[in-house]
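Just work19.cif here, mmCIF, C-alpha atoms and all ligand atoms:
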```
data_data
loop_
_atom_site.label_atom_id
_atom_site.label_comp_id
_atom_site.auth_asym_id
_atom_site.auth_seq_id
_atom_site.Cartn_x
_atom_site.Cartn_y
_atom_site.Cartn_z
CA MET A 1 -1.89 17.69 -3.28
CA TRP A 2 -2.70 15.69 -6.42
CA GLY A 3 -0.99 12.37 -5.54
CA GLY A 4 0.66 10.16 -8.17
CA LYS A 5 -1.99 7.45 -7.90
CA TYR A 6 -4.39 9.59 -9.94
CA MET A 7 -4.45 9.17 -13.70
CA LYS A 8 -3.96 12.31 -15.81
CA GLY A 9 -7.66 12.43 -16.73
CA SER A 10 -8.92 12.07 -13.21
CA LYS A 11 -6.48 14.73 -12.08
CA LEU A 12 -8.02 17.11 -14.57
CA MET A 13 -11.54 16.11 -13.49
CA ALA A 14 -10.67 16.65 -9.84
CA LEU A 15 -9.21 20.05 -10.63
CA LEU A 16 -12.25 21.02 -12.70
CA SER A 17 -14.73 19.88 -10.09
CA SER A 18 -12.86 21.77 -7.38
CA PHE A 19 -13.16 24.88 -9.55
CA VAL A 20 -16.87 24.28 -9.98
CA VAL A 21 -17.27 23.95 -6.23
CA LEU A 22 -15.17 27.07 -5.65
CA PHE A 23 -17.08 29.15 -8.18
CA SER A 24 -20.55 28.06 -7.09
CA TYR A 25 -19.50 28.77 -3.50
CA SER A 26 -18.16 32.22 -4.35
CA GLY A 27 -21.35 32.80 -6.37
CA LEU A 28 -23.36 32.15 -3.24
CA ALA A 29 -21.06 34.29 -1.15
CA LEU A 30 -21.17 37.10 -3.72
CA SER A 31 -24.98 37.18 -3.85
CA LYS A 32 -25.04 38.75 -0.40
CA TYR A 33 -23.00 41.67 -1.73
CA ASN A 34 -25.32 42.24 -4.67
CA LEU A 35 -28.36 44.55 -4.57
CA PRO A 36 -31.42 42.88 -3.03
CA GLU A 37 -34.04 41.38 -5.32
CA PRO A 38 -36.03 44.34 -6.72
CA GLN A 39 -39.65 44.53 -5.52
CA THR A 40 -40.92 47.51 -7.51
CA PRO A 41 -40.61 48.53 -11.18
CA ILE A 42 -38.33 51.43 -10.14
CA ALA A 43 -36.09 49.13 -8.10
CA GLN A 44 -35.93 46.81 -11.13
CA GLN A 45 -34.80 49.71 -13.33
CA ILE A 46 -32.15 50.68 -10.77
CA TYR A 47 -30.95 47.08 -10.64
CA ASP A 48 -30.80 46.71 -14.44
CA GLN A 49 -28.92 49.97 -14.87
CA HIS A 50 -26.48 48.98 -12.13
CA ILE A 51 -25.69 45.78 -14.04
CA TRP A 52 -25.59 47.64 -17.39
CA ILE A 53 -23.07 50.18 -16.06
CA LEU A 54 -21.02 47.39 -14.49
CA TRP A 55 -20.73 45.72 -17.94
CA ILE A 56 -19.73 49.02 -19.54
CA CYS A 57 -17.04 49.47 -16.86
CA LEU A 58 -15.83 45.92 -17.43
CA VAL A 59 -15.51 46.45 -21.21
CA ILE A 60 -13.63 49.74 -20.65
CA PHE A 61 -11.38 48.06 -18.07
CA ILE A 62 -10.50 45.17 -20.37
CA GLY A 63 -10.06 47.51 -23.34
CA VAL A 64 -7.79 49.99 -21.57
CA PHE A 65 -5.69 47.51 -19.63
CA GLY A 66 -5.58 45.11 -22.59
CA VAL A 67 -4.09 47.75 -24.89
CA MET A 68 -1.78 48.94 -22.12
CA GLY A 69 -0.55 45.44 -21.23
CA TYR A 70 -0.10 44.53 -24.89
CA SER A 71 1.84 47.71 -25.59
CA ILE A 72 4.11 47.28 -22.60
CA VAL A 73 4.91 43.64 -23.33
CA LYS A 74 5.14 43.69 -27.13
CA HIS A 75 6.87 47.03 -27.52
CA ARG A 76 9.43 46.74 -24.78
CA LYS A 77 12.92 48.13 -25.17
CA SER A 78 14.58 44.71 -24.86
CA LEU A 79 12.87 43.70 -28.10
CA GLY A 80 14.49 46.62 -29.81
CA TYR A 81 11.46 48.92 -30.02
CA LYS A 82 12.04 52.63 -30.27
CA ALA A 83 9.51 55.06 -28.80
CA ALA A 84 7.25 56.74 -31.33
CA ASN A 85 7.51 60.50 -31.31
CA PHE A 86 4.40 62.20 -32.59
CA HIS A 87 2.20 65.10 -31.46
CA GLU A 88 -1.36 66.24 -32.13
CA SER A 89 -3.43 63.63 -33.86
CA MET A 90 -6.81 64.99 -34.91
CA VAL A 91 -8.13 61.48 -35.53
CA VAL A 92 -7.15 60.19 -32.09
CA GLU A 93 -8.57 63.25 -30.34
CA VAL A 94 -11.90 63.02 -32.16
CA ILE A 95 -12.16 59.30 -31.35
CA TRP A 96 -11.38 59.70 -27.66
CA THR A 97 -13.95 62.48 -27.40
CA ILE A 98 -16.74 60.77 -29.30
CA ILE A 99 -16.49 57.35 -27.65
CA PRO A 100 -16.86 58.68 -24.05
CA VAL A 101 -19.76 60.91 -25.19
CA ILE A 102 -21.55 57.87 -26.59
CA ILE A 103 -20.88 55.92 -23.38
CA LEU A 104 -22.13 58.78 -21.18
CA VAL A 105 -25.32 59.14 -23.21
CA ALA A 106 -25.89 55.37 -23.04
CA ILE A 107 -25.66 55.64 -19.24
CA SER A 108 -27.52 58.88 -18.64
CA TRP A 109 -30.43 58.28 -21.02
CA PRO A 110 -32.02 55.41 -19.07
CA ALA A 111 -30.90 56.95 -15.74
CA THR A 112 -32.68 60.24 -16.49
CA LYS A 113 -35.85 58.40 -17.49
CA THR A 114 -35.81 56.49 -14.18
CA ILE A 115 -35.15 59.62 -12.12
CA ILE A 116 -38.06 61.45 -13.76
CA GLU A 117 -40.29 58.47 -13.00
CA MET A 118 -39.05 58.34 -9.39
CA LYS A 119 -40.05 61.98 -8.89
CA ASP A 120 -43.60 61.49 -10.15
CA THR A 121 -45.50 61.18 -6.89
CA SER A 122 -48.86 62.16 -8.43
CA GLU A 123 -52.06 60.14 -8.06
CA ALA A 124 -50.98 58.17 -5.03
CA ASP A 125 -53.43 55.77 -3.38
CA ILE A 126 -52.02 56.28 0.10
CA THR A 127 -49.80 59.03 1.51
CA ILE A 128 -47.64 58.37 4.55
CA LYS A 129 -45.49 60.94 6.29
CA ALA A 130 -42.21 59.57 7.68
CA THR A 131 -40.46 61.68 10.31
CA GLY A 132 -36.90 60.94 11.33
CA TYR A 133 -36.03 61.33 15.03
CA GLN A 134 -32.85 60.61 16.96
CA TRP A 135 -33.15 57.59 16.77
CA MET A 136 -36.40 56.21 15.45
CA TRP A 137 -38.99 56.82 12.75
CA GLY A 138 -42.49 58.20 13.16
CA TYR A 139 -45.22 57.40 10.62
CA ASP A 140 -48.47 59.23 9.96
CA TYR A 141 -50.96 57.97 7.40
CA ILE A 142 -52.32 61.23 6.07
CA GLN A 143 -54.34 60.29 3.01
CA GLY A 144 -56.05 57.19 1.61
CA GLU A 145 -57.09 54.01 3.38
CA GLY A 146 -55.66 54.14 6.88
CA GLU A 147 -55.86 57.94 7.17
CA GLY A 148 -55.38 59.03 10.76
CA ILE A 149 -53.15 56.13 11.80
CA GLY A 150 -49.91 57.23 13.40
CA PHE A 151 -47.20 55.47 15.35
CA ILE A 152 -43.54 55.42 16.30
CA SER A 153 -41.33 52.65 14.94
CA GLN A 154 -38.33 51.69 17.07
CA LEU A 155 -35.55 49.13 16.99
CA ALA A 156 -36.73 45.77 18.33
CA THR A 157 -33.39 43.96 18.52
CA PRO A 158 -32.81 42.91 22.15
CA GLN A 159 -29.98 44.69 24.02
CA ASP A 160 -28.22 41.43 24.91
CA GLN A 161 -27.71 40.70 21.19
CA ILE A 162 -26.23 44.16 20.72
CA ARG A 163 -23.90 43.64 23.71
CA ASP A 164 -22.84 40.22 22.36
CA GLN A 165 -24.37 38.41 25.31
CA ALA A 166 -26.72 36.45 23.08
CA PRO A 167 -26.42 35.04 19.56
CA LYS A 168 -27.49 37.54 16.92
CA GLY A 169 -30.80 36.90 15.17
CA ASN A 170 -31.38 36.79 11.41
CA ASP A 171 -32.71 40.33 11.29
CA TYR A 172 -30.17 41.76 13.69
CA LEU A 173 -30.57 45.58 13.79
CA LEU A 174 -33.11 45.32 10.96
CA GLU A 175 -36.23 44.71 13.08
CA VAL A 176 -38.69 47.16 14.62
CA ASP A 177 -41.64 47.09 17.00
CA ASN A 178 -44.10 48.65 14.51
CA ASN A 179 -43.73 47.91 10.80
CA VAL A 180 -44.90 50.36 8.16
CA VAL A 181 -47.82 48.40 6.72
CA VAL A 182 -49.01 49.00 3.15
CA PRO A 183 -51.21 47.13 0.66
CA VAL A 184 -49.72 45.36 -2.36
CA GLY A 185 -50.06 46.95 -5.83
CA LYS A 186 -50.97 50.43 -4.53
CA LYS A 187 -49.00 53.58 -5.14
CA ILE A 188 -47.65 54.70 -1.79
CA ARG A 189 -46.47 58.29 -1.57
CA LEU A 190 -44.00 59.04 1.20
CA LEU A 191 -43.47 62.50 2.63
CA MET A 192 -40.13 62.72 4.35
CA THR A 193 -39.08 65.14 7.04
CA ALA A 194 -37.10 65.12 10.29
CA ASP A 195 -37.51 66.57 13.74
CA ASP A 196 -33.89 67.12 14.78
CA VAL A 197 -31.07 66.37 12.32
CA ILE A 198 -30.94 65.03 8.76
CA HIS A 199 -31.88 61.35 8.42
CA ALA A 200 -32.54 59.33 5.26
CA TRP A 201 -35.26 56.80 4.57
CA TRP A 202 -33.75 53.95 2.59
CA VAL A 203 -35.29 50.63 1.58
CA PRO A 204 -33.19 49.20 -1.27
CA ALA A 205 -35.64 46.49 -2.39
CA LEU A 206 -38.31 49.18 -2.92
CA GLY A 207 -35.94 51.48 -4.79
CA VAL A 208 -36.45 54.38 -2.36
CA LYS A 209 -33.71 56.49 -0.80
CA GLN A 210 -34.60 59.98 0.29
CA ASP A 211 -33.12 62.42 2.78
CA ALA A 212 -35.42 63.49 5.61
CA ILE A 213 -34.50 67.09 6.40
CA PRO A 214 -35.77 69.18 9.35
CA GLY A 215 -38.04 71.99 8.15
CA PHE A 216 -38.43 70.54 4.67
CA LEU A 217 -40.78 68.05 3.04
CA ARG A 218 -39.41 65.74 0.37
CA ASP A 219 -41.40 63.03 -1.31
CA ALA A 220 -40.86 59.66 -2.91
CA TRP A 221 -43.07 56.73 -3.87
CA PHE A 222 -43.17 53.00 -4.37
CA LYS A 223 -45.59 50.37 -5.54
CA ALA A 224 -44.73 46.92 -4.23
CA GLU A 225 -45.58 44.06 -6.57
CA LYS A 226 -45.85 41.26 -4.07
CA PRO A 227 -46.45 40.86 -0.33
CA GLY A 228 -43.45 40.53 1.93
CA ILE A 229 -41.29 42.23 4.51
CA PHE A 230 -38.63 44.60 3.23
CA ARG A 231 -35.94 46.09 5.39
CA GLY A 232 -33.86 49.21 5.24
CA GLN A 233 -31.92 51.64 7.37
CA CYS A 234 -31.33 55.30 8.03
CA ALA A 235 -28.80 56.29 5.38
CA GLU A 236 -27.59 59.62 6.70
CA LEU A 237 -25.18 59.66 9.61
CA CYS A 238 -27.39 61.21 12.29
CA GLY A 239 -25.66 60.62 15.61
CA LYS A 240 -24.52 57.84 17.88
CA GLU A 241 -27.50 55.57 17.26
CA HIS A 242 -27.62 56.07 13.52
CA GLY A 243 -27.19 52.32 13.06
CA PHE A 244 -30.09 51.58 15.41
CA MET A 245 -33.06 53.10 13.56
CA PRO A 246 -34.00 50.58 10.87
CA ILE A 247 -37.02 50.71 8.58
CA VAL A 248 -39.32 47.74 8.04
CA VAL A 249 -42.02 47.84 5.38
CA GLU A 250 -44.63 45.10 5.47
CA VAL A 251 -46.52 44.70 2.22
CA MET A 252 -49.86 42.92 2.70
CA GLU A 253 -52.66 41.66 0.48
CA GLN A 254 -55.42 44.29 0.23
CA GLU A 255 -57.81 42.29 2.44
CA LYS A 256 -55.28 41.87 5.24
CA TYR A 257 -54.34 45.53 4.98
CA SER A 258 -57.99 46.57 5.48
CA GLN A 259 -58.11 44.34 8.58
CA TRP A 260 -54.91 45.95 9.90
CA VAL A 261 -56.39 49.43 9.34
CA ALA A 262 -59.62 48.50 11.13
CA GLU A 263 -57.67 47.11 14.07
CA LYS A 264 -55.42 50.17 14.31
CA GLN A 265 -58.36 52.56 14.13
CA LYS A 266 -60.24 50.61 16.81
CA THR A 267 -57.26 50.86 19.16
CA ALA A 268 -56.86 54.56 18.36
CA ALA A 269 -60.55 55.20 19.07
CA ALA A 270 -60.35 53.29 22.36
CA THR A 271 -57.26 55.25 23.42
CA LYS A 272 -59.02 58.50 22.58
CA VAL A 273 -62.07 57.58 24.70
CA LEU A 274 -59.79 56.58 27.56
CA ASN A 275 -57.77 59.79 27.33
CA THR A 276 -60.92 61.97 27.29
CA ALA A 277 -62.30 60.10 30.30
CA LEU A 278 -59.00 60.53 32.17
CA ALA A 279 -58.88 64.23 31.31
CA GLU A 280 -62.48 64.75 32.47
CA ASN A 281 -61.77 62.88 35.68
CA GLU A 282 -58.71 65.03 36.23
CA ALA A 283 -60.71 68.21 35.54
CA SER A 284 -63.51 67.24 37.94
CA LYS A 285 -60.98 66.84 40.74
CA ASN A 286 -59.84 70.47 40.45
CU CU A 301 -31.02 58.72 11.24
#
```
Would you mind giving the structure from this file in structure tokens?
Ligand SMILES: [Cu+2]
Amino acid sequence: MWGGKYMKGSKLMALLSSFVVLFSYSGLALSKYNLPEPQTPIAQQIYDQHIWILWICLVIFIGVFGVMGYSIVKHRKSLGYKAANFHESMVVEVIWTIIPVIILVAISWPATKTIIEMKDTSEADITIKATGYQWMWGYDYIQGEGEGIGFISQLATPQDQIRDQAPKGNDYLLEVDNNVVVPVGKKIRLLMTADDVIHAWWVPALGVKQDAIPGFLRDAWFKAEKPGIFRGQCAELCGKEHGFMPIVVEVMEQEKYSQWVAEKQKTAAATKVLNTALAENEASKN
């Protein structure tokens, strides 16, 4: 591959630059396997702890396999080594008990703090109930600005994309007809439940993953730090269309959110008037 016309130096340069290209490419490719960019303080904590634990695992991996590899190679029989024959070492046993204890505490201390914080759903600005159905989500705004709003949120990906008759869009299977809309910087409390089987409401960028169980209410919360659209999925295998009930949260500036609420409430009021009129009309016929 590296023809003779290259000088030694340029060969090295070419090799190095190909490595740079390879690594930056794999860096790009790897980023899609990483956790999404955290959008809430809780999601940030989850992200940081994920990386922290990964480093701990890497150090343990290198330590264990390093010692093992070294021992196997340097102490092999062909070099004339004889196996040591000893039993019960108090020192070794104390060391291999204390080190894992320290590691476990270093992992569980921050994790416990985060979990306690995740469970604190008090003093929310807005409470939204999310109900899992086979196979869609229902949302009811039950407290705070937007109270009374309710809608069903269903997959919006066209069937021909699903059947491979059309090219798949960017948000394939991660798009819905009605987004859950919330204002930026407000504490949103979510009440989770389900109507048929167990589902799970999961939006990684917001750091929320909670089972939605029929007959039970579970809660979670998030406070998004900037506007944007954040996508998630049902995370509990719930039947044949489990992969077709995504979650889309749209975080808006406060002003835009108020407009959205006004619009939704106007439509709801109009529908109510229409329904009453229809019912009265129906009643007068009988
Ligand atoms: Cu589900």
To one decimal place, how far is atom CA of A:Phe244 from atom CA of A:Val203 in Å?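 About the pair atom CA of A:Phe244 and atom CA of A:Val203: they are 14.8 Å apart.
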Collect all residues with atoms no farther than 9 Å from ligand CU 301 (chain A), counting only C-alpha atoms and all ligand atoms, and output them as a list in words.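 The distance check yields Gly132, Tyr133, Gln134, Trp135, Met136, Trp137, Ala194, Val197, Ile198, His199, Ala200, Trp201, Ala212, Gln233, Cys234, Ala235, Glu236, Leu237, Cys238, Gly239, Glu241, His242, Gly243, Phe244, Met245 and Pro246 of chain A.
From atom CA of A:Ile107 back to atom CA of A:Lys187, the distance works out to 27.3 Å.
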Find the residues around A:Val251 up to 9 Å (all atoms listed in the file counted), leave out those fewer than 3 positions away in its own chain, and share them as a PyMOL selection string. chain A and resi 180-184+224-230+257
When you look at A:Pro38 with a cut-off of 10 Å (counting all atoms listed in the file), what residues show up, excluding the ones that are within fewer than 3 positions of it in the same chain? I need them as a compact mmCIF listing (two decimals) with C-alpha atoms, in the frame of the given file.
```txt
# COMPACT_ATOMS: atom_id res chain seq x y z
CA LEU A 35 -28.36 44.55 -4.57
CA PRO A 41 -40.61 48.53 -11.18
CA ILE A 42 -38.33 51.43 -10.14
CA ALA A 43 -36.09 49.13 -8.10
CA GLN A 44 -35.93 46.81 -11.13
CA GLN A 45 -34.80 49.71 -13.33
CA ILE A 46 -32.15 50.68 -10.77
CA TYR A 47 -30.95 47.08 -10.64
CA ASP A 48 -30.80 46.71 -14.44
CA PRO A 204 -33.19 49.20 -1.27
CA ALA A 205 -35.64 46.49 -2.39
CA LEU A 206 -38.31 49.18 -2.92
CA GLY A 207 -35.94 51.48 -4.79
CA ALA A 224 -44.73 46.92 -4.23
CA GLU A 225 -45.58 44.06 -6.57
```
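The two atoms in question, atom CA of A:Pro36 and atom CA of A:Ile128, are spaced 23.7 Å apart.
Residue nearest A:Ile103 within the list A:Arg231, A:Trp52, A:Lys119, A:Arg163: A:Trp52 [criterion: smallest interatomic distance, all atoms listed in the file].
Distances to A:Glu147 were evaluated for A:Lys209, A:Lys264, A:His50, A:Lys285 using only C-alpha atoms, and the minimum falls at A:Lys264.
For stretch 261-263 of chain A, the residues within 10 Å (counting all atoms listed in the file, excluding itself and residues fewer than 3 positions away along the chain) are Glu145, Gly146, Glu147, Gly148, Ile149, Val181, Val182, Lys256, Tyr257, Ser258, Lys266, Thr267, Ala268 and Ala269 of chain A.
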Got a sec: who's within 7 Å of A:Arg218, counting all atoms listed in the file, leaving out chain neighbours fewer than 4 positions off, as a ChimeraX atom specification? /A:191-193,212
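Among the candidate residues A:Cys57, A:Val208, A:Ile213, A:Val248, the one lying nearest to A:Gln39 is A:Val208, with distances computed using only C-alpha atoms.
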For a quick check of understanding, using all atoms listed in the file, which of A:Ala83, A:Ile162, A:Val73, A:Ile56 has the smallest distance to A:Ala106?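 Closest to A:Ala106 of all the choices is A:Ile56.
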I'd like to know which of A:Val176, A:Leu190, A:Ala283, A:Ile95 is closest to A:Ile247, using all atoms listed in the file. A:Val176
Spatial neighbours of A:Trp221, max dist 6 Å, only C-alpha atoms, sep filter under 6 positions, as a list in words: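 Within the cut-off, the hits are Thr121, Ile188, Arg189 and Leu190 of chain A.
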